[in-house]
file input-v6.txt (compact mmCIF, C-alpha atoms)
# COMPACT_ATOMS: atom_id res chain seq x y z
CA MET A 1210 31.05 -23.04 60.16
CA LYS A 1211 30.43 -25.09 57.03
CA ARG A 1212 29.35 -23.05 54.08
CA ASN A 1213 30.57 -24.72 50.85
CA GLY A 1214 27.36 -24.20 48.87
CA ILE A 1215 26.94 -20.62 50.02
CA MET A 1216 30.58 -19.84 49.17
CA ILE A 1217 30.12 -21.17 45.64
CA ALA A 1218 26.97 -19.07 45.15
CA VAL A 1219 28.62 -15.92 46.50
CA THR A 1220 31.67 -16.52 44.27
CA GLY A 1221 29.46 -16.88 41.20
CA ILE A 1222 27.55 -13.67 41.90
CA LEU A 1223 30.70 -11.70 42.59
CA PHE A 1224 32.38 -13.14 39.50
CA LEU A 1225 29.61 -11.70 37.35
CA GLY A 1226 29.94 -8.44 39.21
CA ALA A 1227 33.69 -8.41 38.56
CA LEU A 1228 33.13 -8.90 34.81
CA THR A 1229 30.91 -5.83 34.81
CA LEU A 1230 33.33 -3.71 36.85
CA LEU A 1231 36.56 -4.66 35.09
CA GLY A 1232 35.25 -5.42 31.61
CA GLY A 1233 37.17 -7.01 28.73
CA TRP A 1234 37.20 -10.69 27.82
CA GLY A 1235 41.00 -10.74 27.82
CA LYS A 1236 41.09 -10.19 31.55
CA TYR A 1237 39.47 -13.49 32.54
CA ILE A 1238 42.60 -15.01 34.07
CA LEU A 1239 43.29 -11.87 36.07
CA ILE A 1240 39.65 -11.75 37.16
CA LEU A 1241 39.67 -15.39 38.28
CA LEU A 1242 42.87 -14.88 40.25
CA THR A 1243 41.50 -11.70 41.78
CA LEU A 1244 38.24 -13.41 42.74
CA PHE A 1245 40.09 -16.28 44.37
CA LEU A 1246 42.32 -13.95 46.38
CA MET A 1247 39.35 -11.79 47.41
CA LEU A 1248 37.31 -14.82 48.50
CA TYR A 1249 40.28 -16.32 50.31
CA SER A 1250 40.94 -13.04 52.10
CA ALA A 1251 37.30 -12.84 53.19
CA LEU A 1252 37.43 -16.40 54.55
CA LEU A 1253 40.82 -15.83 56.20
CA ILE A 1254 39.84 -12.56 57.89
CA HIS A 1255 36.50 -14.03 59.01
CA GLU A 1256 38.09 -17.02 60.74
CA LEU A 1257 40.89 -14.88 62.18
CA GLY A 1258 38.16 -12.66 63.63
CA HIS A 1259 36.82 -15.65 65.56
CA PHE A 1260 40.38 -16.45 66.66
CA VAL A 1261 41.12 -12.93 67.96
CA VAL A 1262 37.83 -12.69 69.87
CA GLY A 1263 38.30 -16.22 71.19
CA ARG A 1264 41.74 -15.38 72.54
CA TRP A 1265 40.33 -12.18 74.08
CA LEU A 1266 37.75 -14.35 75.88
CA GLY A 1267 40.47 -16.71 77.13
CA TYR A 1268 39.65 -19.61 74.81
CA SER A 1269 42.44 -21.95 73.65
CA PHE A 1270 43.24 -22.42 69.95
CA ARG A 1271 42.66 -25.95 68.60
CA PHE A 1272 42.47 -25.78 64.82
CA LEU A 1273 41.94 -23.40 61.91
CA ILE A 1274 40.72 -24.43 58.47
CA ILE A 1275 41.15 -21.96 55.61
CA GLY A 1276 40.20 -23.61 52.34
CA PRO A 1277 42.81 -26.28 51.54
CA VAL A 1278 45.02 -25.49 54.56
CA HIS A 1279 44.51 -26.99 58.04
CA PHE A 1280 46.35 -25.59 61.08
CA THR A 1281 46.19 -27.74 64.22
CA LYS A 1282 47.61 -27.24 67.70
CA GLU A 1283 47.93 -30.32 69.88
CA LYS A 1284 50.00 -30.58 73.06
CA GLY A 1285 51.51 -27.17 72.37
CA LYS A 1286 52.71 -28.10 68.87
CA LEU A 1287 51.40 -26.30 65.77
CA THR A 1288 51.14 -28.38 62.59
CA ILE A 1289 50.17 -27.31 59.07
CA ALA A 1290 48.66 -29.80 56.63
CA LEU A 1291 46.38 -30.06 53.62
CA ASN A 1292 42.68 -30.11 54.48
CA THR A 1293 41.30 -33.40 53.16
CA ASN A 1294 37.89 -32.99 54.81
CA SER A 1295 35.73 -31.96 51.86
CA SER A 1296 32.78 -31.14 54.14
CA ASN A 1297 34.60 -28.32 55.94
CA TRP A 1298 36.45 -25.51 54.16
CA GLY A 1299 36.28 -22.79 56.75
CA GLN A 1300 36.33 -23.05 60.55
CA CYS A 1301 38.15 -21.61 63.53
CA ALA A 1302 37.79 -23.95 66.50
CA MET A 1303 38.66 -22.73 69.97
CA GLN A 1304 38.50 -24.71 73.20
CA VAL A 1305 35.75 -22.86 75.05
CA LYS A 1306 36.04 -22.55 78.81
CA PHE A 1307 32.55 -23.59 79.87
CA SER A 1308 31.23 -22.48 83.25
CA ASP A 1309 27.46 -21.88 83.37
CA TYR A 1310 24.82 -21.07 80.79
CA GLU A 1311 24.19 -17.45 81.75
CA THR A 1312 27.88 -16.56 81.74
CA ASP A 1313 28.78 -18.57 78.66
CA ARG A 1314 25.95 -17.45 76.40
CA HIS A 1315 27.07 -13.79 76.41
CA ARG A 1316 30.67 -14.79 75.72
CA LEU A 1317 29.63 -17.15 72.93
CA VAL A 1318 27.65 -14.37 71.24
CA TRP A 1319 30.82 -12.28 71.00
CA TYR A 1320 32.82 -15.27 69.80
CA LEU A 1321 30.29 -16.14 67.07
CA ALA A 1322 30.05 -12.49 65.99
CA GLY A 1323 33.83 -12.10 65.79
CA GLY A 1324 34.12 -13.33 62.20
CA SER A 1325 31.58 -10.93 60.73
CA LEU A 1326 32.94 -8.05 62.84
CA ALA A 1327 36.38 -8.67 61.29
CA ASN A 1328 34.83 -8.61 57.81
CA LEU A 1329 33.10 -5.33 58.72
CA VAL A 1330 36.45 -3.78 59.65
CA ILE A 1331 37.83 -4.66 56.19
CA VAL A 1332 34.67 -3.28 54.57
CA LEU A 1333 35.20 0.07 56.33
CA VAL A 1334 38.91 0.18 55.46
CA GLY A 1335 38.15 -0.78 51.86
CA CYS A 1336 35.55 1.97 51.56
CA VAL A 1337 38.08 4.55 52.73
CA LEU A 1338 40.75 3.29 50.31
CA TYR A 1339 38.23 3.22 47.43
CA ALA A 1340 37.21 6.82 48.21
CA ILE A 1341 40.88 7.86 48.17
CA THR A 1342 42.12 5.90 45.14
CA GLY A 1343 38.97 5.20 43.12
CA SER A 1344 40.38 1.71 42.34
CA MET A 1345 37.78 -0.94 41.56
CA LEU A 1346 39.92 -3.54 43.34
CA TRP A 1347 39.13 -1.92 46.69
CA LEU A 1348 35.45 -1.95 45.77
CA LEU A 1349 35.70 -5.67 44.96
CA LEU A 1350 37.36 -6.27 48.32
CA VAL A 1351 34.50 -4.42 50.02
CA LEU A 1352 31.89 -6.47 48.14
CA PHE A 1353 33.51 -9.81 49.01
CA HIS A 1354 33.93 -9.07 52.70
CA PHE A 1355 30.46 -7.56 52.96
CA ALA A 1356 28.88 -10.60 51.26
CA PHE A 1357 30.87 -13.09 53.33
CA GLY A 1358 30.21 -11.35 56.63
CA LEU A 1359 26.51 -11.00 55.77
CA VAL A 1360 26.11 -14.68 54.85
CA ALA A 1361 27.68 -15.70 58.18
CA ILE A 1362 25.56 -13.36 60.33
CA VAL A 1363 22.21 -14.27 58.70
CA PRO A 1364 20.36 -16.93 60.80
CA LEU A 1365 20.67 -20.06 58.66
CA LYS A 1366 20.55 -23.80 59.29
CA ALA A 1367 22.46 -26.22 57.06
CA GLU A 1368 22.13 -29.98 56.76
CA GLY A 1369 23.99 -32.06 59.31
CA GLY A 1370 23.86 -29.92 62.41
CA ALA A 1371 25.69 -26.88 60.99
CA TYR A 1372 24.37 -23.55 62.26
CA SER A 1373 25.42 -20.17 60.92
CA ASP A 1374 27.01 -17.74 63.36
CA GLY A 1375 23.89 -15.61 63.07
CA LEU A 1376 21.52 -18.41 64.05
CA GLY A 1377 23.66 -19.27 67.07
CA ILE A 1378 23.66 -15.61 68.13
CA ARG A 1379 19.91 -15.37 67.68
CA LEU A 1380 19.20 -18.48 69.75
CA LEU A 1381 21.56 -17.50 72.56
CA ARG A 1382 20.24 -13.94 72.74
CA ARG A 1383 16.68 -15.22 72.83
CA ASN A 1384 17.57 -16.85 76.18
CA GLY A 1385 14.76 -19.39 76.12
CA ARG A 1386 14.47 -23.11 75.63
CA SER A 1387 16.01 -22.82 72.14
CA GLY A 1388 19.04 -21.03 73.55
CA ARG A 1389 19.58 -23.69 76.20
CA LEU A 1390 19.26 -26.46 73.61
CA PHE A 1391 21.79 -24.74 71.36
CA TYR A 1392 24.14 -24.30 74.31
CA ALA A 1393 23.91 -28.01 75.19
CA LEU A 1394 24.46 -28.95 71.53
CA PHE A 1395 27.41 -26.55 71.20
CA LYS A 1396 29.02 -27.84 74.38
CA LEU A 1397 28.64 -31.55 73.60
CA SER A 1398 29.68 -31.19 69.96
CA TYR A 1399 32.86 -29.37 70.97
CA GLU A 1400 33.71 -32.06 73.50
CA TYR A 1401 33.39 -34.69 70.77
CA ALA A 1402 35.24 -32.62 68.17
CA PHE A 1403 38.27 -31.93 70.39
CA ALA A 1404 38.73 -35.42 71.80
CA ALA A 1405 41.98 -36.78 70.38
CA ASP A 1406 41.42 -40.41 71.34
CA LYS A 1407 39.18 -42.85 73.24
CA GLU A 1408 40.87 -41.93 76.52
CA GLU A 1409 39.76 -38.31 76.20
CA LEU A 1410 36.24 -39.43 75.26
CA ASP A 1411 36.11 -41.56 78.40
CA GLY A 1412 36.97 -38.44 80.35
CA LEU A 1413 33.80 -36.62 79.28
CA PRO A 1414 31.74 -35.54 82.31
CA GLN A 1415 29.27 -38.42 82.47
CA GLY A 1416 26.98 -36.62 84.87
CA ASN A 1417 26.27 -33.89 82.31
CA VAL A 1418 25.48 -36.40 79.55
CA ILE A 1419 23.26 -38.51 81.82
CA GLU A 1420 21.41 -35.37 82.91
CA LEU A 1421 20.90 -34.45 79.25
CA GLU A 1422 19.74 -38.01 78.51
CA GLU A 1423 17.12 -37.81 81.26
CA GLU A 1424 15.99 -34.40 80.02
CA LEU A 1425 15.53 -35.74 76.49
CA GLN A 1426 13.31 -38.53 77.83
CA ASN A 1427 10.85 -35.92 79.04
CA GLU A 1428 7.51 -36.60 77.33
CA ALA A 1429 7.10 -32.88 76.59
CA TRP A 1430 9.90 -32.95 74.00
CA LEU A 1431 7.86 -35.38 71.89
CA GLN A 1432 5.24 -32.68 71.41
CA CYS A 1433 7.74 -30.03 70.22
CA ASN A 1434 6.86 -28.44 66.87
CA ASP A 1435 9.39 -25.59 66.66
CA ARG A 1436 11.60 -26.50 63.67
CA TYR A 1437 14.83 -25.18 65.18
CA GLU A 1438 14.19 -26.81 68.54
CA LEU A 1439 13.19 -30.10 66.94
CA ASP A 1440 16.30 -30.07 64.80
CA MET A 1441 18.53 -29.49 67.84
CA ILE A 1442 16.70 -32.23 69.76
CA MET A 1443 17.44 -34.67 66.90
CA ASN A 1444 21.13 -33.73 67.02
CA LEU A 1445 21.26 -34.06 70.80
CA LEU A 1446 19.51 -37.43 70.64
CA TYR A 1447 22.18 -38.62 68.22
CA PHE A 1448 25.06 -37.22 70.30
CA VAL A 1449 23.70 -38.84 73.48
CA ALA A 1450 23.07 -42.14 71.63
CA ALA A 1451 26.69 -42.04 70.41
CA TRP A 1452 27.90 -41.55 73.99
CA GLN A 1453 25.71 -44.45 75.13
CA THR A 1454 27.15 -46.62 72.34
CA MET A 1455 30.73 -45.79 73.31
CA ASN A 1456 29.88 -46.76 76.90
CA GLU A 1457 27.90 -49.87 75.84
CA ARG A 1458 24.70 -48.55 77.40
CA PHE A 1459 22.62 -50.08 74.60
CA HIS A 1460 19.52 -50.67 76.71
CA ARG A 1461 19.44 -46.95 77.49
CA THR A 1462 19.71 -46.16 73.78
CA VAL A 1463 16.68 -48.33 73.09
CA GLN A 1464 14.73 -46.64 75.92
CA LEU A 1465 15.74 -43.19 74.71
CA LEU A 1466 14.83 -43.65 71.05
CA ARG A 1467 11.86 -46.05 71.23
CA PRO A 1468 9.18 -43.37 71.95
CA TRP A 1469 10.44 -41.22 69.08
CA ILE A 1470 10.36 -44.16 66.68
CA GLU A 1471 7.03 -45.56 67.86
CA GLN A 1472 5.37 -42.14 67.53
CA ASP A 1473 7.13 -41.49 64.21
CA ARG A 1474 8.58 -38.22 65.52
CA LEU A 1475 12.10 -38.54 64.12
CA THR A 1476 12.74 -35.89 61.50
CA GLY A 1477 15.40 -33.93 59.66
CA ALA A 1478 18.88 -34.93 58.57
CA MET A 1479 19.47 -37.05 61.68
CA LYS A 1480 16.42 -39.28 61.19
CA GLU A 1481 18.28 -42.08 59.39
CA GLU A 1482 21.29 -41.87 61.73
CA LEU A 1483 18.97 -42.25 64.72
CA LEU A 1484 17.16 -45.20 63.12
CA LEU A 1485 20.52 -46.90 62.62
CA SER A 1486 21.61 -46.11 66.18
CA TYR A 1487 18.41 -47.80 67.35
CA SER A 1488 18.98 -50.81 65.06
CA PHE A 1489 22.50 -51.42 66.37
CA ALA A 1490 21.31 -50.95 69.97
CA LYS A 1491 18.52 -53.50 69.40
CA LEU A 1492 21.06 -55.87 67.89
CA ALA A 1493 23.31 -55.44 70.94
CA THR A 1494 20.46 -56.20 73.33
CA GLY A 1495 19.43 -59.44 71.65
CA GLY A 1496 16.86 -58.09 69.21
CA ASP A 1497 16.63 -58.53 65.44
CA ILE A 1498 18.30 -56.28 62.89
CA GLY A 1499 14.89 -54.99 61.88
CA THR A 1500 14.27 -52.58 59.04
CA VAL A 1501 17.31 -51.18 57.24
CA PRO A 1502 16.70 -47.87 55.42
CA GLU A 1503 16.49 -48.41 51.65
CA LYS A 1504 16.83 -44.78 50.61
CA ILE A 1505 19.29 -42.16 51.85
CA THR A 1506 18.02 -38.60 51.57
CA VAL A 1507 20.92 -36.63 53.10
CA ARG A 1508 23.65 -35.01 50.97
CA HIS A 1509 26.08 -33.93 53.70
CA PRO A 1510 29.38 -35.78 52.85
CA ALA A 1511 30.17 -37.01 56.37
CA MET A 1512 26.60 -38.12 57.06
CA LEU A 1513 26.31 -39.79 53.66
CA ASN A 1514 29.55 -41.74 54.11
CA LEU A 1515 28.67 -42.95 57.60
CA LEU A 1516 25.07 -43.78 56.74
CA THR A 1517 26.11 -45.77 53.69
CA THR A 1518 28.71 -47.68 55.71
CA LYS A 1519 26.34 -48.58 58.56
CA ILE A 1520 23.56 -49.61 56.18
CA GLU A 1521 25.98 -51.79 54.20
CA ALA A 1522 27.22 -53.43 57.39
CA LEU A 1523 23.70 -54.26 58.56
CA ARG A 1524 22.78 -55.68 55.15
CA TYR A 1525 25.87 -57.90 55.09
CA CYS A 1526 25.11 -58.97 58.66
CA ARG A 1527 21.55 -59.89 57.73
CA LYS A 1528 22.88 -62.07 54.91
CA GLY A 1529 25.25 -63.79 57.32
CA ASN A 1530 28.35 -62.24 55.72
CA VAL A 1531 29.84 -61.06 59.00
CA GLU A 1532 33.43 -60.64 57.83
CA GLN A 1533 32.32 -58.34 55.01
CA ALA A 1534 30.18 -56.32 57.43
CA ILE A 1535 33.16 -55.86 59.75
CA ALA A 1536 35.48 -55.03 56.83
CA VAL A 1537 33.14 -52.23 55.70
CA LEU A 1538 33.12 -50.67 59.18
CA GLN A 1539 36.89 -51.03 59.56
CA HIS A 1540 37.46 -49.32 56.20
CA ALA A 1541 35.21 -46.43 57.25
CA LYS A 1542 37.12 -46.10 60.52
CA LYS A 1543 40.43 -45.96 58.62
CA ASP A 1544 39.06 -43.17 56.39
CA ILE A 1545 37.88 -41.15 59.39
CA LEU A 1546 41.25 -41.40 61.13
CA ALA A 1547 42.88 -40.23 57.87
CA ASN A 1548 40.86 -36.99 58.20
CA LYS A 1549 38.23 -37.97 55.64
CA PRO A 1550 34.69 -36.62 56.33
CA TYR A 1551 33.47 -37.33 59.85
CA LEU A 1552 30.40 -36.22 61.78
CA LEU A 1553 30.97 -36.11 65.54
CA GLY A 1554 34.75 -35.96 65.50
CA LYS A 1555 37.49 -38.35 64.44
CA ALA A 1556 37.92 -40.07 67.81
CA ALA A 1557 34.17 -40.22 68.54
CA ASP A 1558 33.11 -41.60 65.15
CA ALA A 1559 35.95 -44.14 65.22
CA ALA A 1560 34.96 -45.24 68.74
CA VAL A 1561 31.32 -45.70 67.68
CA LEU A 1562 32.36 -47.82 64.68
CA ASP A 1563 34.56 -49.93 66.98
CA LYS A 1564 31.54 -50.64 69.17
CA TYR A 1565 29.41 -51.52 66.14
CA ILE A 1566 32.08 -54.01 65.05
CA GLN A 1567 31.93 -55.52 68.53
CA VAL A 1568 28.11 -55.64 68.39
CA ILE A 1569 28.18 -57.57 65.10
CA ARG A 1570 30.77 -60.04 66.43
CA ASN A 1571 28.75 -60.64 69.61
CA TYR A 1572 25.51 -60.99 67.62
CA THR A 1573 27.11 -63.62 65.38
CA ALA A 1574 28.61 -65.51 68.30
CA SER A 1575 25.23 -65.69 70.06
CA ARG A 1576 23.42 -67.25 67.11
call {"tool": "encode", "arguments": {"input": "input-v6.txt", "output": "structure tokens"}}
result
Amino acid sequence: MKRNGIMIAVTGILFLGALTLLGGWGKYILILLTLFLMLYSALLIHELGHFVVGRWLGYSFRFLIIGPVHFTKEKGKLTIALNTNSSNWGQCAMQVKFSDYETDRHRLVWYLAGGSLANLVIVLVGCVLYAITGSMLWLLLVLFHFAFGLVAIVPLKAEGGAYSDGLGIRLLRRNGRSGRLFYALFKLSYEYAFAADKEELDGLPQGNVIELEEELQNEAWLQCNDRYELDMIMNLLYFVAAWQTMNERFHRTVQLLRPWIEQDRLTGAMKEELLLSYSFAKLATGGDIGTVPEKITVRHPAMLNLLTTKIEALRYCRKGNVEQAIAVLQHAKKDILANKPYLLGKAADAAVLDKYIQVIRNYTASR
């Protein structure tokens, strides 16, 4: 779960609270160190809670991000490195064993709740230790873990397809259309995120994606007004369009997105990404570059980087500066593979950029 802004706000509030509890201007350094350790412990315990519950459910560990530290397990080997992805400072990712919606949704509720449950355990232990010792440090520990666990369990939606644990739990427990959309989004996003290379992406179950593609072409979705459902539909449209791009199914991308664009129904953080997906698909099918967005409204680091890159490439292409357009996309791909901010997953975003480079080359050759 991505929660940088929330973490900063919580830290600020608890910092002021610590000043009141501990008092004395000469204790600032100690207070700052204490706050950092308390916040780090809350983040660590929260993500370890997801890990423990995930293992209990039979899920496989893939990676764990705790602030500046990134633990990854690939092919049975555990590696520890600095986290250079500024858009993600806290996440436990487990390889979920998907079976069917009804079975998986109950298991996913426990998995998503695991982090806040772990924070709750520390809150209870801290309360007991505070009652015994009367030390304000235990009270601070309680406050940090309570605040962190509460923020995670409250149903919130962040920019860029990030859902709080609480919102995921709410949607899955509701067991309606929203829950099924969230399940499809969760499943597809994890498949993208865990793919190590193009070969693994090619191994994605095509039948499931094609079925989702056909479902999204249902006219009824165009009339959806529920903000959570519409947001998930936008994300799913982008994920399916990315899969179509990687498989060079550009005509299908145009068919999928045209009704949404013609009826001006694209919305949310994914609107500009979807417009660009449509532009590249049109370019690949012999159409013109069309309108390139002039203004970028998103602030999510990964989305901002990718949007800027794709817009730059299209502008260079329109001016006939093909080599510069390709260079921009290649530079973005290099950054993604170096663990700089990415949206779908390193392998998926790199594969999409490769296809866009190919589209620009083919477009130039055909003129």
call {"tool": "closest_atom_pairs", "arguments": {"input": "input-v6.txt", "of": "segment 1344-1370 of chain A", "to": "segment 1251-1263 of chain A", "cutoff": "7 Å", "atoms": "all atoms listed in the file", "output": "tab-separated table"}}
result
residue	atom	partner	partner_atom	distance
A:Phe1353	CA	A:Ala1251	CA	6.4
A:His1354	CA	A:Ala1251	CA	5.1
A:Phe1357	CA	A:Ala1251	CA	6.4
call {"tool": "residues_around", "arguments": {"input": "input-v6.txt", "residues": "Phe1448 of chain A", "least_positions_apart": "4", "cutoff": "10 Å", "atoms": "all atoms listed in the file", "output": "PDB file with C-alpha atoms, in the coordinates of the input"}}
result
ATOM      1  CA  LEU A1394      24.460 -28.950  71.530  1.00  0.00           C
ATOM      2  CA  LEU A1397      28.640 -31.550  73.600  1.00  0.00           C
ATOM      3  CA  SER A1398      29.680 -31.190  69.960  1.00  0.00           C
ATOM      4  CA  TYR A1401      33.390 -34.690  70.770  1.00  0.00           C
ATOM      5  CA  VAL A1418      25.480 -36.400  79.550  1.00  0.00           C
ATOM      6  CA  GLU A1422      19.740 -38.010  78.510  1.00  0.00           C
ATOM      7  CA  ILE A1442      16.700 -32.230  69.760  1.00  0.00           C
ATOM      8  CA  MET A1443      17.440 -34.670  66.900  1.00  0.00           C
ATOM      9  CA  ASN A1444      21.130 -33.730  67.020  1.00  0.00           C
ATOM     10  CA  TRP A1452      27.900 -41.550  73.990  1.00  0.00           C
ATOM     11  CA  GLN A1453      25.710 -44.450  75.130  1.00  0.00           C
ATOM     12  CA  THR A1454      27.150 -46.620  72.340  1.00  0.00           C
ATOM     13  CA  LEU A1483      18.970 -42.250  64.720  1.00  0.00           C
ATOM     14  CA  LEU A1553      30.970 -36.110  65.540  1.00  0.00           C
ATOM     15  CA  ALA A1557      34.170 -40.220  68.540  1.00  0.00           C
TER      16      ALA A1557
END
call {"tool": "closest_residue", "arguments": {"input": "input-v6.txt", "among": "A:Thr1312, A:Asn1427, A:Gln1300, A:Gln1432", "to": "Leu1381 of chain A", "atoms": "only C-alpha atoms"}}
result
A:Thr1312
call {"tool": "closest_residue", "arguments": {"input": "input-v6.txt", "among": "A:Ala1402, A:Arg1570, A:Ala1450, A:Leu1538", "to": "Leu1552 of chain A", "atoms": "all atoms listed in the file"}}
result
A:Ala1402
call {"tool": "closest_residue", "arguments": {"input": "input-v6.txt", "among": "A:Leu1410, A:Val1501, A:Ala1429, A:Val1332", "to": "Ala1451 of chain A", "atoms": "only C-alpha atoms"}}
result
A:Leu1410
call {"tool": "closest_residue", "arguments": {"input": "input-v6.txt", "among": "A:Ala1547, A:Glu1503, A:Pro1468, A:Lys1491", "to": "Asn1292 of chain A", "atoms": "all atoms listed in the file"}}
result
A:Ala1547
call {"tool": "atom_distance", "arguments": {"input": "input-v6.txt", "atom1": "atom CA of Arg1386 of chain A", "atom2": "atom CA of Asp1411 of chain A"}}
result
28.6 Å
call {"tool": "closest_residue", "arguments": {"input": "input-v6.txt", "among": "A:Val1531, A:Cys1526, A:Met1441, A:Ala1361", "to": "Leu1390 of chain A", "atoms": "all atoms listed in the file"}}
result
A:Met1441
call {"tool": "closest_residue", "arguments": {"input": "input-v6.txt", "among": "A:Arg1467, A:Arg1524, A:Lys1564, A:Lys1480", "to": "Tyr1447 of chain A", "atoms": "all atoms listed in the file"}}
result
A:Lys1480
call {"tool": "residues_around", "arguments": {"input": "input-v6.txt", "residues": "Ala1493 of chain A", "least_positions_apart": "6", "cutoff": "9 Å", "atoms": "only C-alpha atoms", "output": "PyMOL selection string"}}
result
chain A and resi 1457+1459-1460+1565+1567-1569+1571-1572
call {"tool": "residues_near_point", "arguments": {"input": "input-v6.txt", "point": "(22.3, -29.2, 63.6)", "cutoff": "12 Å", "atoms": "all atoms listed in the file", "output": "number ranges by chain"}}
result
A: 1210-1211, 1365-1373, 1376-1377, 1390-1395, 1398, 1436-1448, 1476-1480, 1509, 1512, 1552-1553
call {"tool": "write_last_selection", "arguments": {"input": "input-v6.txt", "atoms": "C-alpha atoms", "output": "JSON list (two decimals), in the coordinates of the input"}}
result
[["chain", "number", "residue", "atom", "x", "y", "z"],
["A", 1210, "MET", "CA", 31.05, -23.04, 60.16],
["A", 1211, "LYS", "CA", 30.43, -25.09, 57.03],
["A", 1365, "LEU", "CA", 20.67, -20.06, 58.66],
["A", 1366, "LYS", "CA", 20.55, -23.80, 59.29],
["A", 1367, "ALA", "CA", 22.46, -26.22, 57.06],
["A", 1368, "GLU", "CA", 22.13, -29.98, 56.76],
["A", 1369, "GLY", "CA", 23.99, -32.06, 59.31],
["A", 1370, "GLY", "CA", 23.86, -29.92, 62.41],
["A", 1371, "ALA", "CA", 25.69, -26.88, 60.99],
["A", 1372, "TYR", "CA", 24.37, -23.55, 62.26],
["A", 1373, "SER", "CA", 25.42, -20.17, 60.92],
["A", 1376, "LEU", "CA", 21.52, -18.41, 64.05],
["A", 1377, "GLY", "CA", 23.66, -19.27, 67.07],
["A", 1390, "LEU", "CA", 19.26, -26.46, 73.61],
["A", 1391, "PHE", "CA", 21.79, -24.74, 71.36],
["A", 1392, "TYR", "CA", 24.14, -24.30, 74.31],
["A", 1393, "ALA", "CA", 23.91, -28.01, 75.19],
["A", 1394, "LEU", "CA", 24.46, -28.95, 71.53],
["A", 1395, "PHE", "CA", 27.41, -26.55, 71.20],
["A", 1398, "SER", "CA", 29.68, -31.19, 69.96],
["A", 1436, "ARG", "CA", 11.60, -26.50, 63.67],
["A", 1437, "TYR", "CA", 14.83, -25.18, 65.18],
["A", 1438, "GLU", "CA", 14.19, -26.81, 68.54],
["A", 1439, "LEU", "CA", 13.19, -30.10, 66.94],
["A", 1440, "ASP", "CA", 16.30, -30.07, 64.80],
["A", 1441, "MET", "CA", 18.53, -29.49, 67.84],
["A", 1442, "ILE", "CA", 16.70, -32.23, 69.76],
["A", 1443, "MET", "CA", 17.44, -34.67, 66.90],
["A", 1444, "ASN", "CA", 21.13, -33.73, 67.02],
["A", 1445, "LEU", "CA", 21.26, -34.06, 70.80],
["A", 1446, "LEU", "CA", 19.51, -37.43, 70.64],
["A", 1447, "TYR", "CA", 22.18, -38.62, 68.22],
["A", 1448, "PHE", "CA", 25.06, -37.22, 70.30],
["A", 1476, "THR", "CA", 12.74, -35.89, 61.50],
["A", 1477, "GLY", "CA", 15.40, -33.93, 59.66],
["A", 1478, "ALA", "CA", 18.88, -34.93, 58.57],
["A", 1479, "MET", "CA", 19.47, -37.05, 61.68],
["A", 1480, "LYS", "CA", 16.42, -39.28, 61.19],
["A", 1509, "HIS", "CA", 26.08, -33.93, 53.70],
["A", 1512, "MET", "CA", 26.60, -38.12, 57.06],
["A", 1552, "LEU", "CA", 30.40, -36.22, 61.78],
["A", 1553, "LEU", "CA", 30.97, -36.11, 65.54]]
call {"tool": "atom_distance", "arguments": {"input": "input-v6.txt", "atom1": "atom CA of Ile1419 of chain A", "atom2": "atom CA of Leu1321 of chain A"}}
result
27.7 Å
call {"tool": "atom_distance", "arguments": {"input": "input-v6.txt", "atom1": "atom CA of Leu1241 of chain A", "atom2": "atom CA of Phe1355 of chain A"}}
result
19.0 Å
call {"tool": "axis_aligned_box", "arguments": {"input": "input-v6.txt", "around": "segment 1381-1386 of chain A", "padding_each_side": "4 Å", "output": "AutoDock Vina command-line options"}}
result
--center_x 18.0 --center_y -18.5 --center_z 74.4 --size_x 15.1 --size_y 17.2 --size_z 11.6
call {"tool": "residues_around", "arguments": {"input": "input-v6.txt", "residues": "Ala1534 of chain A", "least_positions_apart": "6", "cutoff": "7 Å", "atoms": "all atoms listed in the file", "output": "list in words"}}
result
Glu1521, Ala1522, Leu1523, Tyr1525 and Cys1526 of chain A
